[in-house]
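What follows is a short report on a single structure.
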Amino acid sequence: MGGQNGPRVEGSEGRVKEMTPFPVSEIRSRLADAVELAGGQSAWSRKTGVSRSVVSEVLSHKRDIPESIINALGYIVVSMCVPAKRGMNR
């Protein structure tokens, strides 16, 4: 399912595209940018249907990032298995 550089997904034209995974924590930065571009938290919330209070709590690190925000930003959550450090499973 994954390529050498990361997971792969099939694009809308049926071609396989590489995905570049990044830490979920980076979503906060992308959310802040999207909120600014939309004209504020209320505007972004109206546009996406995500509660403004949830947006505020995520941006102020008072709440974990819900999948609804990840999806509203155009991302999906993909479960992955990564190699553990040597000796951790022994």
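Ligands are numbered from 1 in the order shown, residues from 1 within each chain, and chains are lettered A, B, ... in the order they appear in the structure tokens.
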
Requested in this report: For A:Gly49, please output as a list in words all residues within 10 Å (counting only C-alpha atoms; exclusion window: fewer than 4 positions along the same chain).
Outcome: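 Non-adjacent residues within range: Ala43, Trp44, Ser45, Ser68, Ile69 and Ala72 of chain A.
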
Output the selection as a PDB file, in the first residue's frame - N, CA, C and O atoms for each residue.
ATOM      1  N   ALA A  43     -15.783  33.165  10.490  1.00  0.00           N
ATOM      2  CA  ALA A  43     -15.941  33.005   9.039  1.00  0.00           C
ATOM      3  C   ALA A  43     -15.535  31.602   8.612  1.00  0.00           C
ATOM      4  O   ALA A  43     -16.232  30.952   7.814  1.00  0.00           O
ATOM      5  N   TRP A  44     -14.415  31.098   9.137  1.00  0.00           N
ATOM      6  CA  TRP A  44     -13.958  29.752   8.762  1.00  0.00           C
ATOM      7  C   TRP A  44     -14.961  28.707   9.254  1.00  0.00           C
ATOM      8  O   TRP A  44     -15.271  27.755   8.554  1.00  0.00           O
ATOM      9  N   SER A  45     -15.487  28.924  10.447  1.00  0.00           N
ATOM     10  CA  SER A  45     -16.464  27.988  11.013  1.00  0.00           C
ATOM     11  C   SER A  45     -17.737  27.940  10.175  1.00  0.00           C
ATOM     12  O   SER A  45     -18.274  26.866   9.920  1.00  0.00           O
ATOM     13  N   SER A  68     -12.768  16.197  12.281  1.00  0.00           N
ATOM     14  CA  SER A  68     -13.594  17.128  11.499  1.00  0.00           C
ATOM     15  C   SER A  68     -12.777  18.310  10.996  1.00  0.00           C
ATOM     16  O   SER A  68     -12.973  18.772   9.863  1.00  0.00           O
ATOM     17  N   ILE A  69     -11.840  18.803  11.783  1.00  0.00           N
ATOM     18  CA  ILE A  69     -10.983  19.905  11.343  1.00  0.00           C
ATOM     19  C   ILE A  69      -9.988  19.412  10.313  1.00  0.00           C
ATOM     20  O   ILE A  69      -9.752  20.072   9.297  1.00  0.00           O
ATOM     21  N   ALA A  72     -11.904  19.133   7.153  1.00  0.00           N
ATOM     22  CA  ALA A  72     -12.285  20.444   6.628  1.00  0.00           C
ATOM     23  C   ALA A  72     -11.107  21.152   5.963  1.00  0.00           C
ATOM     24  O   ALA A  72     -11.290  21.969   5.062  1.00  0.00           O
TER      25      ALA A  72
END

Report task. Name the residues in contact with A:Pro66 at a cut-off of 10 Å, using only C-alpha atoms, excluding same-chain residues fewer than 4 positions from it; report them as a list of chain:residue names. Result -> A:Val50, A:Val54, A:Val55, A:Val58, A:Ile70, A:Asn71

Report task. As a PyMOL selection string, list the residues of stretch 18-83 of chain A assigned to helix (DSSP H, G or I) by DSSP on the backbone atoms of this structure. Result -> chain A and resi 26-38+41-48+52-59+67-72

Write a file of the just-selected residues containing N, CA and C atoms, as a compact mmCIF listing (two decimals), in the first residue's frame.
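Saved to again16.txt:
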# COMPACT_ATOMS: atom_id res chain seq x y z
N GLU A 26 1.07 19.64 12.97
CA GLU A 26 1.23 20.67 11.94
C GLU A 26 -0.13 21.19 11.47
N ILE A 27 -1.18 20.44 11.74
CA ILE A 27 -2.53 20.86 11.36
C ILE A 27 -2.87 22.19 12.04
N ARG A 28 -2.41 22.39 13.27
CA ARG A 28 -2.70 23.65 13.97
C ARG A 28 -2.20 24.85 13.16
N SER A 29 -1.01 24.73 12.63
CA SER A 29 -0.45 25.81 11.81
C SER A 29 -1.26 26.02 10.54
N ARG A 30 -1.65 24.92 9.91
CA ARG A 30 -2.46 25.02 8.69
C ARG A 30 -3.85 25.56 9.00
N LEU A 31 -4.39 25.21 10.17
CA LEU A 31 -5.68 25.75 10.59
C LEU A 31 -5.57 27.25 10.81
N ALA A 32 -4.52 27.69 11.50
CA ALA A 32 -4.33 29.12 11.74
C ALA A 32 -4.27 29.89 10.43
N ASP A 33 -3.56 29.35 9.45
CA ASP A 33 -3.46 30.00 8.13
C ASP A 33 -4.83 30.06 7.46
N ALA A 34 -5.58 28.97 7.51
CA ALA A 34 -6.89 28.92 6.87
C ALA A 34 -7.86 29.89 7.54
N VAL A 35 -7.80 29.98 8.86
CA VAL A 35 -8.66 30.89 9.61
C VAL A 35 -8.35 32.34 9.22
N GLU A 36 -7.07 32.65 9.12
CA GLU A 36 -6.67 34.00 8.73
C GLU A 36 -7.15 34.34 7.31
N LEU A 37 -6.96 33.40 6.39
CA LEU A 37 -7.41 33.62 5.01
C LEU A 37 -8.92 33.78 4.90
N ALA A 38 -9.66 33.09 5.77
CA ALA A 38 -11.13 33.15 5.74
C ALA A 38 -11.66 34.44 6.37
N GLN A 41 -12.06 33.21 12.83
CA GLN A 41 -12.59 31.91 13.25
C GLN A 41 -14.07 31.75 12.91
N SER A 42 -14.85 32.79 13.10
CA SER A 42 -16.29 32.69 12.81
C SER A 42 -16.52 32.45 11.32
N ALA A 43 -15.78 33.16 10.49
CA ALA A 43 -15.94 33.01 9.04
C ALA A 43 -15.54 31.60 8.61
N TRP A 44 -14.41 31.10 9.14
CA TRP A 44 -13.96 29.75 8.76
C TRP A 44 -14.96 28.71 9.25
N SER A 45 -15.49 28.92 10.45
CA SER A 45 -16.46 27.99 11.01
C SER A 45 -17.74 27.94 10.18
N ARG A 46 -18.23 29.10 9.75
CA ARG A 46 -19.43 29.13 8.90
C ARG A 46 -19.16 28.41 7.58
N LYS A 47 -17.97 28.63 7.02
CA LYS A 47 -17.61 28.03 5.72
C LYS A 47 -17.51 26.51 5.81
N THR A 48 -17.01 25.98 6.93
CA THR A 48 -16.72 24.55 7.04
C THR A 48 -17.73 23.76 7.86
N ARG A 52 -17.09 27.15 16.03
CA ARG A 52 -16.06 28.15 16.31
C ARG A 52 -15.38 27.87 17.64
N SER A 53 -16.14 27.38 18.61
CA SER A 53 -15.53 27.09 19.91
C SER A 53 -14.50 25.96 19.80
N VAL A 54 -14.76 24.98 18.95
CA VAL A 54 -13.80 23.89 18.73
C VAL A 54 -12.54 24.46 18.06
N VAL A 55 -12.72 25.31 17.07
CA VAL A 55 -11.58 25.94 16.38
C VAL A 55 -10.74 26.71 17.39
N SER A 56 -11.39 27.50 18.22
CA SER A 56 -10.69 28.30 19.22
C SER A 56 -9.90 27.43 20.19
N GLU A 57 -10.53 26.37 20.68
CA GLU A 57 -9.86 25.47 21.63
C GLU A 57 -8.68 24.75 21.00
N VAL A 58 -8.80 24.37 19.72
CA VAL A 58 -7.68 23.71 19.04
C VAL A 58 -6.52 24.68 18.87
N LEU A 59 -6.82 25.90 18.42
CA LEU A 59 -5.76 26.88 18.20
C LEU A 59 -5.06 27.31 19.48
N GLU A 67 -10.95 15.03 13.99
CA GLU A 67 -10.90 14.64 12.58
C GLU A 67 -11.73 15.58 11.71
N SER A 68 -12.77 16.20 12.28
CA SER A 68 -13.59 17.13 11.50
C SER A 68 -12.78 18.31 11.00
N ILE A 69 -11.84 18.80 11.78
CA ILE A 69 -10.98 19.90 11.34
C ILE A 69 -9.99 19.41 10.31
N ILE A 70 -9.41 18.25 10.54
CA ILE A 70 -8.46 17.68 9.58
C ILE A 70 -9.15 17.53 8.23
N ASN A 71 -10.36 17.01 8.23
CA ASN A 71 -11.12 16.83 6.98
C ASN A 71 -11.48 18.16 6.35
N ALA A 72 -11.90 19.13 7.15
CA ALA A 72 -12.29 20.44 6.63
C ALA A 72 -11.11 21.15 5.96

Report task. Enter the distance from atom CA of A:Val82 to atom CA of A:Pro21, in Å, rounded to one decimal. Result ->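 Computing the Euclidean distance for atom CA of A:Val82 and atom CA of A:Pro21 yields 12.0 Å.
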
Report task. Could you tell me which of A:Phe22, A:Asp64, A:Ser51, A:Gly39 comes closest to A:Val77 if we count only C-alpha atoms? Result ->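 Looking at the shortest contact to A:Val77, the residue is A:Phe22.
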
Report task. Using atom CA of A:Ala84 and atom CA of A:Thr20 as the two end points, give the distance in Å to one decimal. Result ->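 A separation of 19.7 Å between them.
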
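Between atom CA of A:Pro23 and atom CA of A:Val78 the interatomic distance comes to 11.5 Å.
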